[in-house]
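Student: Handing over structure.cif, mmCIF, C-alpha atoms.
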data_coords
loop_
_atom_site.label_atom_id
_atom_site.label_comp_id
_atom_site.auth_asym_id
_atom_site.auth_seq_id
_atom_site.Cartn_x
_atom_site.Cartn_y
_atom_site.Cartn_z
CA MET A 140 99.11 88.93 88.83
CA ARG A 141 99.35 91.04 85.71
CA ILE A 142 99.56 94.24 87.77
CA TYR A 143 102.42 92.72 89.71
CA ILE A 144 104.43 91.96 86.59
CA SER A 145 103.89 95.41 85.15
CA ILE A 146 105.02 97.09 88.36
CA ILE A 147 108.22 95.05 88.40
CA GLY A 148 108.69 95.95 84.76
CA LEU A 149 108.23 99.60 85.55
CA LEU A 150 110.79 99.42 88.34
CA PHE A 151 113.37 97.89 86.05
CA PHE A 152 112.61 100.31 83.29
CA SER A 153 113.15 103.28 85.55
CA SER A 154 116.45 101.85 86.70
CA PHE A 155 117.76 101.53 83.14
CA TYR A 156 116.49 104.95 82.27
CA ALA A 157 118.54 106.33 85.10
CA GLN A 158 121.89 104.81 84.28
CA GLU A 159 123.76 108.14 84.33
CA ASN A 160 122.97 108.51 88.00
CA ARG A 161 124.33 106.36 90.73
CA THR A 162 122.53 103.03 90.95
CA THR A 163 123.00 100.24 93.44
CA PHE A 164 121.46 96.84 93.75
CA GLY A 165 121.36 94.45 96.68
CA LEU A 166 119.58 92.06 98.97
CA PHE A 167 117.44 93.26 101.84
CA PRO A 168 116.27 90.63 104.32
CA GLU A 169 114.05 91.72 107.16
CA ALA A 170 112.10 90.05 109.94
CA SER A 171 109.78 91.27 112.63
CA LEU A 172 108.59 89.66 115.82
CA SER A 173 105.59 91.07 117.69
CA TYR A 174 103.91 90.07 120.89
CA LYS A 175 101.31 91.41 123.28
CA LEU A 176 102.41 93.02 126.48
CA LEU A 177 99.23 94.17 128.19
CA LYS A 178 95.70 94.59 126.92
CA ASN A 179 96.30 97.30 124.36
CA TYR A 180 100.08 97.32 124.35
CA SER A 181 102.46 95.33 122.19
CA ILE A 182 106.17 95.02 121.53
CA THR A 183 107.74 94.63 118.11
CA HIS A 184 111.35 93.78 117.38
CA LYS A 185 112.55 94.23 113.86
CA PHE A 186 115.72 93.29 112.13
CA GLU A 187 116.63 94.56 108.69
CA SER A 188 119.84 94.35 106.80
CA GLN A 189 121.07 95.66 103.49
CA HIS A 190 123.67 93.82 101.45
CA GLY A 191 124.95 95.58 98.36
CA PHE A 192 126.01 93.61 95.30
CA TYR A 193 126.29 96.17 92.59
CA ASP A 194 127.18 99.84 92.49
CA THR A 195 127.73 101.95 89.37
CA GLU A 196 130.34 103.91 91.29
CA ASN A 197 132.59 100.89 91.52
CA LEU A 198 135.44 101.19 89.03
CA ASN A 199 134.73 98.08 87.03
CA GLU A 200 130.98 98.00 87.51
CA GLU A 201 131.29 94.41 88.53
CA LEU A 202 129.51 92.48 91.23
CA GLU A 203 131.05 93.07 94.60
CA TYR A 204 129.56 92.14 97.94
CA GLU A 205 129.38 94.73 100.66
CA HIS A 206 127.52 94.68 103.95
CA THR A 207 125.78 98.02 103.76
CA LEU A 208 124.04 98.17 107.12
CA THR A 209 122.00 96.30 109.69
CA ASP A 210 119.24 97.83 111.78
CA LEU A 211 117.91 96.50 115.05
CA GLN A 212 114.65 98.10 116.12
CA THR A 213 112.28 97.78 119.03
CA PHE A 214 108.88 99.41 119.28
CA ILE A 215 106.31 99.73 122.03
CA GLY A 216 102.86 100.24 120.56
CA ARG A 217 99.50 101.14 121.94
CA ARG A 218 96.27 100.50 120.09
CA ILE A 219 94.01 103.53 120.52
CA THR A 220 91.09 102.14 118.50
CA PRO A 221 90.85 98.99 116.36
CA PHE A 222 92.08 101.18 113.48
CA ILE A 223 94.68 103.46 115.06
CA LYS A 224 97.94 102.50 116.69
CA VAL A 225 100.75 104.66 118.06
CA ASP A 226 104.31 103.47 118.55
CA ILE A 227 107.54 104.74 119.96
CA GLY A 228 110.71 102.99 118.95
CA TYR A 229 114.46 102.84 119.11
CA GLN A 230 116.90 101.73 116.46
CA TYR A 231 120.53 100.74 116.66
CA ARG A 232 122.23 100.81 113.27
CA ILE A 233 125.38 98.86 112.54
CA GLU A 234 127.23 100.44 109.67
CA GLU A 235 130.77 100.96 108.49
CA GLY A 236 132.21 104.08 110.07
CA GLU A 237 129.83 104.82 112.87
CA ASN A 238 127.02 102.92 114.52
CA THR A 239 124.10 105.22 115.23
CA HIS A 240 121.13 105.52 117.56
CA ARG A 241 117.70 106.57 116.35
CA THR A 242 114.45 107.38 118.12
CA ILE A 243 111.19 106.86 116.26
CA GLN A 244 107.57 107.96 116.80
CA GLN A 245 104.76 106.79 114.58
CA VAL A 246 101.01 106.64 114.10
CA SER A 247 99.47 103.94 111.92
CA ILE A 248 95.96 104.06 110.58
CA LEU A 249 94.16 101.13 109.04
CA GLN A 250 91.69 101.74 106.23
CA ARG A 251 89.51 98.82 105.17
CA GLU A 252 87.75 98.44 101.85
CA SER A 253 85.60 95.53 100.76
CA ASN A 254 88.38 93.60 99.07
CA PHE A 255 91.63 95.21 100.14
CA ARG A 256 93.10 97.22 102.98
CA ILE A 257 95.40 100.17 103.23
CA GLY A 258 97.84 101.03 105.97
CA HIS A 259 98.81 104.66 106.43
CA ARG A 260 101.89 105.35 108.50
CA VAL A 261 103.14 108.73 109.62
CA ARG A 262 106.53 108.57 111.24
CA ILE A 263 109.14 110.97 112.54
CA ASP A 264 112.60 109.93 113.58
CA GLN A 265 115.78 111.46 114.97
CA THR A 266 119.23 110.02 114.33
CA PHE A 267 122.14 110.84 116.62
CA PHE A 268 125.76 110.97 115.44
CA LYS A 269 128.98 111.41 117.40
CA ASN A 270 130.44 114.21 115.34
CA ALA A 271 127.55 115.45 113.28
CA SER A 272 124.37 117.21 114.18
CA LEU A 273 120.99 115.57 114.60
CA LEU A 274 119.28 114.18 111.50
CA PHE A 275 115.54 114.72 111.59
CA ARG A 276 113.17 112.94 109.21
CA ALA A 277 109.41 113.07 108.64
CA ARG A 278 107.85 110.33 106.55
CA TYR A 279 104.53 109.10 105.25
CA ARG A 280 103.93 105.62 103.91
CA ILE A 281 100.88 104.21 102.24
CA LYS A 282 100.74 100.45 101.78
CA GLY A 283 97.97 98.50 100.10
CA GLN A 284 97.36 94.81 100.63
CA ILE A 285 95.20 92.95 98.12
CA PRO A 286 94.20 89.27 98.40
CA LEU A 287 94.86 87.30 95.23
CA GLN A 288 92.25 84.58 95.82
CA GLY A 289 88.77 85.86 96.58
CA GLU A 290 87.87 88.92 98.61
CA SER A 291 89.21 87.92 101.99
CA LEU A 292 92.59 86.55 102.88
CA ASP A 293 92.46 82.99 104.20
CA ASN A 294 95.25 80.82 105.52
CA GLY A 295 97.55 79.56 102.81
CA GLU A 296 96.53 82.22 100.30
CA ASN A 297 98.67 84.87 98.63
CA TYR A 298 98.42 88.62 98.47
CA LEU A 299 99.99 91.53 96.73
CA THR A 300 101.34 94.63 98.40
CA VAL A 301 102.23 97.96 96.87
CA SER A 302 103.60 100.77 98.95
CA ASN A 303 105.12 104.16 98.58
CA GLU A 304 106.87 106.24 101.18
CA LEU A 305 107.97 109.82 100.96
CA ILE A 306 110.67 110.99 103.36
CA TYR A 307 111.70 114.53 104.12
CA MET A 308 114.96 114.94 106.02
CA ILE A 309 116.94 117.81 107.43
CA GLN A 310 120.38 117.98 109.02
CA SER A 311 122.37 121.13 109.83
CA GLY A 312 120.00 123.23 107.76
CA GLU A 313 120.34 121.10 104.62
CA ASP A 314 117.32 119.18 103.53
CA ASP A 315 116.54 116.41 101.08
CA LEU A 316 113.83 114.05 99.89
CA GLU A 317 113.75 110.31 99.47
CA ASN A 318 111.12 108.11 97.90
CA ARG A 319 110.63 104.40 98.39
CA LEU A 320 108.38 102.43 96.09
CA THR A 321 107.92 98.77 96.84
CA THR A 322 105.87 95.93 95.55
CA ALA A 323 105.79 92.43 96.94
CA LEU A 324 104.10 89.09 96.72
CA GLY A 325 102.89 87.99 100.14
CA PHE A 326 102.33 84.51 101.50
CA TYR A 327 99.64 84.51 104.15
CA ILE A 328 100.55 81.34 105.99
CA ASP A 329 98.22 82.44 108.75
CA ASP A 330 97.58 85.70 110.54
CA LYS A 331 100.67 85.27 112.69
CA ASN A 332 103.03 84.24 109.93
CA LYS A 333 103.45 86.22 106.78
CA PHE A 334 106.24 86.21 104.24
CA GLU A 335 106.73 88.90 101.62
CA ILE A 336 109.16 88.94 98.74
CA GLY A 337 109.47 91.86 96.37
CA LEU A 338 111.39 94.84 95.12
CA ASP A 339 112.14 98.04 96.98
CA TYR A 340 113.12 100.91 94.72
CA ARG A 341 114.60 103.88 96.52
CA THR A 342 115.54 107.23 95.06
CA ASP A 343 117.11 110.03 97.02
CA ASP A 344 119.23 113.17 96.83
CA TYR A 345 116.41 114.94 95.00
CA LEU A 346 117.45 118.31 96.36
CA VAL A 347 121.22 117.82 96.02
CA GLU A 348 122.60 118.83 92.68
CA ASN A 349 124.26 116.20 90.46
CA ARG A 350 123.88 113.45 92.97
CA PHE A 351 120.60 111.70 92.25
CA ARG A 352 120.75 108.12 93.44
CA HIS A 353 118.78 104.94 92.74
CA ARG A 354 118.84 101.91 94.96
CA ILE A 355 117.06 98.70 94.11
CA TRP A 356 116.69 96.04 96.75
CA LEU A 357 115.41 92.54 96.46
CA LYS A 358 113.53 92.43 99.70
CA PHE A 359 112.26 89.46 101.61
CA GLY A 360 110.61 89.79 104.98
CA TYR A 361 109.02 87.58 107.55
CA TYR A 362 106.36 88.94 109.90
CA LYS A 363 105.86 86.82 112.98
CA THR A 364 103.48 87.42 115.87
CA LEU A 365 103.39 85.34 119.00
CA MET B 40 124.61 84.64 101.71
CA THR B 41 123.29 81.40 100.26
CA TYR B 42 123.33 80.07 103.81
CA TYR B 43 121.07 82.96 104.74
CA LEU B 44 118.63 82.22 101.97
CA ARG B 45 118.59 78.53 102.66
CA LEU B 46 117.88 79.10 106.34
CA LEU B 47 115.05 81.46 105.52
CA PHE B 48 113.62 79.00 103.05
CA ILE B 49 113.70 76.20 105.61
CA ILE B 50 111.99 78.29 108.31
CA PHE B 51 109.43 79.35 105.75
CA SER B 52 108.61 75.88 104.48
CA VAL B 53 108.34 74.42 107.97
CA THR B 54 105.89 77.08 109.16
CA TYR B 55 103.98 76.85 105.91
CA GLY B 56 103.48 73.13 106.38
CA VAL B 57 102.44 73.40 110.01
CA ALA B 58 99.93 76.16 109.44
CA GLN B 59 97.74 74.39 106.94
CA GLU B 60 94.80 73.71 109.27
CA LYS B 61 91.97 75.76 107.90
CA ASN B 62 88.65 76.81 109.24
CA GLU B 63 87.19 79.72 107.31
CA ILE B 64 87.63 79.68 103.59
CA GLU B 65 86.33 82.03 100.95
CA LYS B 66 87.42 81.75 97.36
CA ARG B 67 86.41 82.85 93.90
CA VAL B 68 84.78 80.15 91.77
CA LYS B 69 84.05 80.04 88.08
CA LYS B 70 80.50 80.36 86.85
CA ASP B 71 80.58 76.83 85.35
CA GLU B 72 80.98 75.30 88.80
CA ILE B 73 77.78 76.88 90.11
CA PRO B 74 74.58 74.73 90.10
CA LYS B 75 72.21 75.61 87.28
CA GLN B 76 69.37 76.26 89.72
CA ALA B 77 71.26 79.08 91.39
CA LYS B 78 72.10 80.77 88.11
CA GLU B 79 68.48 80.46 86.96
CA TRP B 80 67.09 81.96 90.13
CA LEU B 81 69.47 84.87 89.76
CA LYS B 82 68.47 85.39 86.13
CA ASP B 83 64.73 85.35 86.97
CA ALA B 84 65.07 87.70 89.92
CA PHE B 85 67.46 90.27 88.52
CA GLU B 86 66.13 90.07 84.95
CA GLN B 87 68.80 92.17 83.31
CA LYS B 88 72.17 90.59 82.93
CA ARG B 89 74.60 91.80 85.56
CA ARG B 90 78.26 91.37 86.25
CA THR B 91 78.28 88.70 88.92
CA LYS B 92 81.15 87.36 90.96
CA TRP B 93 80.75 83.91 92.45
CA TYR B 94 82.34 82.71 95.67
CA TYR B 95 82.48 79.52 97.64
CA GLN B 96 82.42 79.96 101.41
CA THR B 97 82.67 77.73 104.41
CA ASP B 98 83.11 78.25 108.13
CA GLY B 99 84.18 74.63 108.54
CA VAL B 100 80.62 73.37 108.99
CA LYS B 101 78.29 75.08 106.57
CA GLU B 102 79.17 75.38 102.89
CA VAL B 103 77.55 77.91 100.58
CA TYR B 104 77.90 79.64 97.25
CA GLU B 105 77.60 83.36 97.18
CA ALA B 106 76.85 85.64 94.26
CA LYS B 107 77.92 89.25 94.51
CA LEU B 108 76.40 91.78 92.18
CA LYS B 109 75.20 95.36 92.10
CA GLN B 110 71.67 96.61 91.59
CA ASN B 111 70.47 100.19 91.99
CA LYS B 112 73.99 101.05 93.16
CA HIS B 113 73.65 98.63 96.08
CA LEU B 114 75.91 95.66 96.58
CA HIS B 115 73.85 92.46 96.85
CA SER B 116 75.20 89.19 98.25
CA VAL B 117 72.94 86.26 97.46
CA GLU B 118 73.61 83.03 99.33
CA PHE B 119 72.80 79.59 97.94
CA ASP B 120 73.25 76.10 99.36
CA LEU B 121 75.45 73.70 97.39
CA LYS B 122 72.43 72.41 95.45
CA GLY B 123 71.66 75.91 94.27
CA ASN B 124 68.67 76.78 96.50
CA VAL B 125 68.63 80.45 97.42
CA GLU B 126 68.79 81.01 101.18
CA ASN B 127 69.13 84.69 101.86
CA ILE B 128 70.02 88.06 100.39
CA GLU B 129 72.17 90.69 102.03
CA ILE B 130 72.15 94.23 100.73
CA LYS B 131 74.67 96.81 101.77
CA ILE B 132 72.87 100.00 102.81
CA LYS B 133 73.58 103.39 104.33
CA GLU B 134 72.51 104.55 107.76
CA ASN B 135 69.54 106.53 106.42
CA GLU B 136 68.27 103.48 104.54
CA ILE B 137 67.51 101.50 107.70
CA ARG B 138 63.73 100.98 107.81
CA GLU B 139 61.79 103.20 110.17
CA GLU B 140 60.64 100.30 112.39
CA ALA B 141 64.22 99.41 113.20
CA TYR B 142 66.00 102.76 113.20
CA GLN B 143 64.95 103.96 116.63
CA GLY B 144 65.69 100.67 118.35
CA ILE B 145 69.12 100.29 116.81
CA PHE B 146 70.28 103.78 117.71
CA ASP B 147 68.77 103.60 121.19
CA TYR B 148 70.92 100.54 121.70
CA PHE B 149 74.09 102.34 120.59
CA LYS B 150 73.40 105.47 122.58
CA SER B 151 72.68 103.64 125.81
CA ASN B 152 75.56 101.17 125.61
CA TYR B 153 78.51 103.12 124.29
CA THR B 154 80.14 106.42 125.08
CA ARG B 155 81.20 106.66 121.44
CA TYR B 156 80.27 104.56 118.45
CA SER B 157 80.58 104.54 114.70
CA LEU B 158 78.88 102.30 112.18
CA LYS B 159 81.30 100.73 109.74
CA LYS B 160 79.11 98.52 107.59
CA ILE B 161 75.35 97.97 107.47
CA GLN B 162 73.68 95.10 105.68
CA ILE B 163 69.98 94.37 105.58
CA GLN B 164 69.42 90.65 105.47
CA TYR B 165 66.34 88.99 103.98
CA THR B 166 65.68 85.29 104.61
CA GLY B 167 62.82 83.27 103.15
CA GLU B 168 61.49 81.08 100.37
CA ALA B 169 62.88 81.36 96.85
CA ASP B 170 59.65 82.91 95.46
CA ASP B 171 59.42 85.52 98.18
CA LEU B 172 63.08 86.45 97.77
CA GLU B 173 62.49 86.81 94.05
CA ASP B 174 59.57 89.17 94.73
CA LEU B 175 61.87 91.27 96.86
CA ILE B 176 64.29 91.78 94.00
CA ASP B 177 61.91 92.21 91.06
CA GLU B 178 58.88 93.75 92.81
CA ASP B 179 60.33 95.25 95.97
CA GLU B 180 57.91 93.22 98.15
CA ILE B 181 58.91 92.00 101.57
CA GLU B 182 55.99 89.68 102.30
CA ASN B 183 56.87 86.51 104.27
CA LEU B 184 60.51 87.52 104.59
CA VAL B 185 62.44 87.67 107.82
CA ILE B 186 64.37 90.92 108.03
CA ASN B 187 67.51 91.36 110.08
CA TYR B 188 70.26 93.93 110.14
CA GLU B 189 73.87 92.94 110.33
CA ILE B 190 75.85 95.91 111.53
CA GLU B 191 79.56 96.12 111.97
CA TYR B 192 80.32 98.89 114.41
CA TYR B 193 83.00 100.27 116.63
CA GLY B 194 81.80 100.87 120.16
CA LYS B 195 83.74 102.51 122.96
CA THR B 196 82.90 102.08 126.64
CA ASP B 197 85.03 102.95 129.67
CA LYS B 198 86.53 99.49 129.68
CA ASN B 199 86.31 98.40 126.09
CA ASN B 200 87.42 99.50 122.70
CA THR B 201 86.11 96.90 120.32
CA LEU B 202 84.85 96.31 116.82
CA TRP B 203 81.56 94.38 116.91
CA GLU B 204 79.21 92.68 114.55
CA GLY B 205 75.67 92.95 115.86
CA LEU B 206 72.55 91.28 114.51
CA PHE B 207 69.35 93.29 115.00
CA ASP B 208 65.82 92.19 114.19
CA ALA B 209 63.23 94.03 112.10
CA ASN B 210 62.26 96.15 115.11
CA GLY B 211 65.83 97.12 115.90
CA LYS B 212 66.26 94.80 118.86
CA LEU B 213 69.70 93.28 119.31
CA ILE B 214 69.61 89.51 118.77
CA GLU B 215 73.28 88.76 119.20
CA LYS B 216 76.70 90.29 118.82
CA ARG B 217 80.24 89.04 118.50
CA SER B 218 83.54 90.85 118.48
CA VAL B 219 85.25 91.14 115.13
CA LYS B 220 88.90 90.30 115.18
CA LEU B 221 90.74 92.35 112.63
CA LYS B 222 93.68 90.84 110.86
CA LEU B 223 97.04 91.81 112.32
CA THR B 224 98.62 94.91 110.87
CA ASP B 225 102.28 94.10 111.60
CA ASN B 226 103.14 94.12 107.91
CA LEU B 227 101.48 97.51 107.42
CA ASP B 228 102.88 99.19 110.53
CA TYR B 229 106.59 98.27 110.49
#
Output the structure of this file as structure tokens.

Tutor:
Amino acid sequence: MRIYISIIGLLFFSSFYAQENRTTFGLFPEASLSYKLLKNYSITHKFESQHGFYDTENLNEELEYEHTLTDLQTFIGRRITPFIKVDIGYQYRIEEGENTHRTIQQVSILQRESNFRIGHRVRIDQTFFKNASLLFRARYRIKGQIPLQGESLDNGENYLTVSNELIYMIQSGEDDLENRLTTALGFYIDDKNKFEIGLDYRTDDYLVENRFRHRIWLKFGYYKTL
Amino acid sequence: MTYYLRLLFIIFSVTYGVAQEKNEIEKRVKKDEIPKQAKEWLKDAFEQKRRTKWYYQTDGVKEVYEAKLKQNKHLHSVEFDLKGNVENIEIKIKENEIREEAYQGIFDYFKSNYTRYSLKKIQIQYTGEADDLEDLIDEDEIENLVINYEIEYYGKTDKNNTLWEGLFDANGKLIEKRSVKLKLTDNLDY
């Protein structure tokens, strides 16, 4: 519990520290629904949506609601071993200006330790625009899940997750980096129903001069498996 | 927006209520809740004071207390009944620490049944009377103890791709095995 509080503290601290740069804050609900297709195959649908409430670039720096974007994703996954899974996916993004299509390929690797587990995810994706060239991204995420009562996670118990993802992107020869640090409190209702609530702190435009950006999302997600 | 939140909260609380049926439970317990007898056995056997974590475990039928501690760099899990009588000791070991009598049998089994396999976790399990289990810890004697190996392994055949937990006897003969169901990884993958 103490770790959790310090991480949240750290997130807030870094956001204040970075006031000169652009900072936004908002809500980020997400939900995923997975089900088995054949023996080793499964389908996952995911919905995620960003709703901005605060942006330092607004004139008066006051609260102002804005629907930032909504993503609808579908993945087909195949489990290669109990620890390795590969997925291909498609995303439709609803956003002001232009709705986009994205194709996704990923490999996830599960690492188990005696009292926690780590998920490694390597993903590449391609986003298609009407009047702009293809955006290519390569990303790696590491996410740890630690039970808060005892060594194994039982129904009705809580857990803590901490994750970090590094994203490299390139479009028309210009590249950039993005980092996403998240921490969340998880409610393990049972294996097929999990709820996580936490903070997602994103920084990007590392390689673009004078445009460093911070985005802080209050994230809540439901993971459902049939 | 508040509508959104409220809806989510309702869905969440409904599922939370429905899903309360429990079977397997494992939780940390404080030292004060452990029967004196268990703590005394542990003190006599391990002699030096060690950092011990206590757990309560049940599979829905059997209830036990478990002490987890380290000795000689090996993780020991000592199981007691609720009155504090010691029942068995499991020690996490490496592949090359499997006793000679068992080694051949265990690996013959893997080689002849799987095209590919890898051992994920090996525990040697000693069951017996309290005095004999104490001798195991403080004098390294295995007299009168039943020895088994609990091995979690991944085995690949042409048809199957499963994680197993196999129980082998002291001579490396498979007694039983069951498939291990790993927890879903949806929240780590997407």

Student: What residues in chain A lie within 7 Å of chain B, counting all atoms listed in the file, written as a PDB file with C-alpha atoms, keeping the file's coordinate frame?

Tutor:
ATOM      1  CA  THR A 220      91.090 102.140 118.500  1.00  0.00           C
ATOM      2  CA  PRO A 221      90.850  98.990 116.360  1.00  0.00           C
ATOM      3  CA  SER A 247      99.470 103.940 111.920  1.00  0.00           C
ATOM      4  CA  GLY A 258      97.840 101.030 105.970  1.00  0.00           C
ATOM      5  CA  ARG A 260     101.890 105.350 108.500  1.00  0.00           C
ATOM      6  CA  LYS A 282     100.740 100.450 101.780  1.00  0.00           C
ATOM      7  CA  GLN A 288      92.250  84.580  95.820  1.00  0.00           C
ATOM      8  CA  GLY A 289      88.770  85.860  96.580  1.00  0.00           C
ATOM      9  CA  SER A 291      89.210  87.920 101.990  1.00  0.00           C
ATOM     10  CA  ASP A 293      92.460  82.990 104.200  1.00  0.00           C
ATOM     11  CA  ASN A 294      95.250  80.820 105.520  1.00  0.00           C
ATOM     12  CA  GLY A 295      97.550  79.560 102.810  1.00  0.00           C
ATOM     13  CA  ILE A 328     100.550  81.340 105.990  1.00  0.00           C
ATOM     14  CA  ASP A 329      98.220  82.440 108.750  1.00  0.00           C
ATOM     15  CA  ASP A 330      97.580  85.700 110.540  1.00  0.00           C
ATOM     16  CA  TYR A 362     106.360  88.940 109.900  1.00  0.00           C
TER      17      TYR A 362
END

Student: Measuring between only C-alpha atoms, which one of B:Glu86, B:Glu182, B:Tyr188, B:Glu79 shows the shortest distance to Gly144 of chain B?

Tutor: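 Among the listed residues, the smallest separation from Gly144 of chain B belongs to B:Tyr188.
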
Student: In Å, how far is it from atom CA of Ala277 of chain A to atom CA of His184 of chain A?

Tutor: 21.3 Å

Student: Considering all atoms listed in the file, can you say which of A:Leu287, A:Leu172, A:Ile227, A:Leu320 comes closest to Thr242 of chain A?

Tutor: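 Looking only at the distances to Thr242 of chain A, the closest residue turns out to be A:Ile227.
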
Student: Report as a list in words all protein, DNA and RNA residues lying within 10 Å of Gln250 of chain A, evaluated on only C-alpha atoms, omitting residues in the same chain fewer than 6 positions from it.

Tutor: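 Those residues are Phe222, Ile223, Arg256, Ile257, Gly258, His259 and Gly283 of chain A.
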
Student: Would you mind telling me which residue in A:Leu357, A:Gln310, A:Glu335, A:Lys269 lies nearest to Gly236 of chain A when using only C-alpha atoms?

Tutor: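 Among A:Leu357, A:Gln310, A:Glu335, A:Lys269, it is A:Lys269 that comes nearest to Gly236 of chain A.
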
Student: What would segment 195-215 of chain B look like with N, CA and C atoms restored, written as a compact mmCIF listing (two decimals), keeping the file's coordinate frame?

Tutor:
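The result, stored in rebuild25.txt:
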# COMPACT_ATOMS: atom_id res chain seq x y z
N LYS B 195 82.80 102.24 121.88
CA LYS B 195 83.74 102.51 122.96
C LYS B 195 82.98 102.64 124.28
N THR B 196 83.42 101.90 125.29
CA THR B 196 82.90 102.08 126.64
C THR B 196 84.10 102.44 127.51
N ASP B 197 83.90 102.61 128.80
CA ASP B 197 85.03 102.95 129.67
C ASP B 197 86.07 101.84 129.68
N LYS B 198 85.60 100.61 129.58
CA LYS B 198 86.53 99.49 129.68
C LYS B 198 86.96 98.96 128.32
N ASN B 199 86.08 99.10 127.36
CA ASN B 199 86.31 98.40 126.09
C ASN B 199 86.43 99.30 124.88
N ASN B 200 87.06 98.77 123.89
CA ASN B 200 87.42 99.50 122.70
C ASN B 200 87.38 98.53 121.54
N THR B 201 86.17 98.09 121.18
CA THR B 201 86.11 96.90 120.32
C THR B 201 85.31 97.14 119.05
N LEU B 202 85.64 96.35 118.04
CA LEU B 202 84.85 96.31 116.82
C LEU B 202 83.88 95.14 116.95
N TRP B 203 82.59 95.40 116.72
CA TRP B 203 81.56 94.38 116.91
C TRP B 203 80.79 94.13 115.62
N GLU B 204 80.21 92.93 115.57
CA GLU B 204 79.21 92.68 114.55
C GLU B 204 77.93 92.32 115.29
N GLY B 205 76.92 93.16 115.15
CA GLY B 205 75.67 92.95 115.86
C GLY B 205 74.56 92.56 114.89
N LEU B 206 73.69 91.65 115.33
CA LEU B 206 72.55 91.28 114.51
C LEU B 206 71.30 91.83 115.19
N PHE B 207 70.56 92.67 114.47
CA PHE B 207 69.35 93.29 115.00
C PHE B 207 68.15 92.76 114.23
N ASP B 208 67.00 92.66 114.92
CA ASP B 208 65.82 92.19 114.19
C ASP B 208 65.09 93.35 113.50
N ALA B 209 63.95 93.03 112.89
CA ALA B 209 63.23 94.03 112.10
C ALA B 209 62.78 95.23 112.93
N ASN B 210 62.66 95.03 114.25
CA ASN B 210 62.26 96.15 115.11
C ASN B 210 63.45 96.84 115.78
N GLY B 211 64.65 96.45 115.38
CA GLY B 211 65.83 97.12 115.90
C GLY B 211 66.30 96.58 117.23
N LYS B 212 65.84 95.39 117.59
CA LYS B 212 66.26 94.80 118.86
C LYS B 212 67.49 93.93 118.60
N LEU B 213 68.48 94.06 119.49
CA LEU B 213 69.70 93.28 119.31
C LEU B 213 69.42 91.80 119.56
N ILE B 214 69.78 90.96 118.60
CA ILE B 214 69.61 89.51 118.77
C ILE B 214 70.90 88.92 119.34
N GLU B 215 72.00 89.24 118.70
CA GLU B 215 73.28 88.76 119.20
C GLU B 215 74.39 89.65 118.68
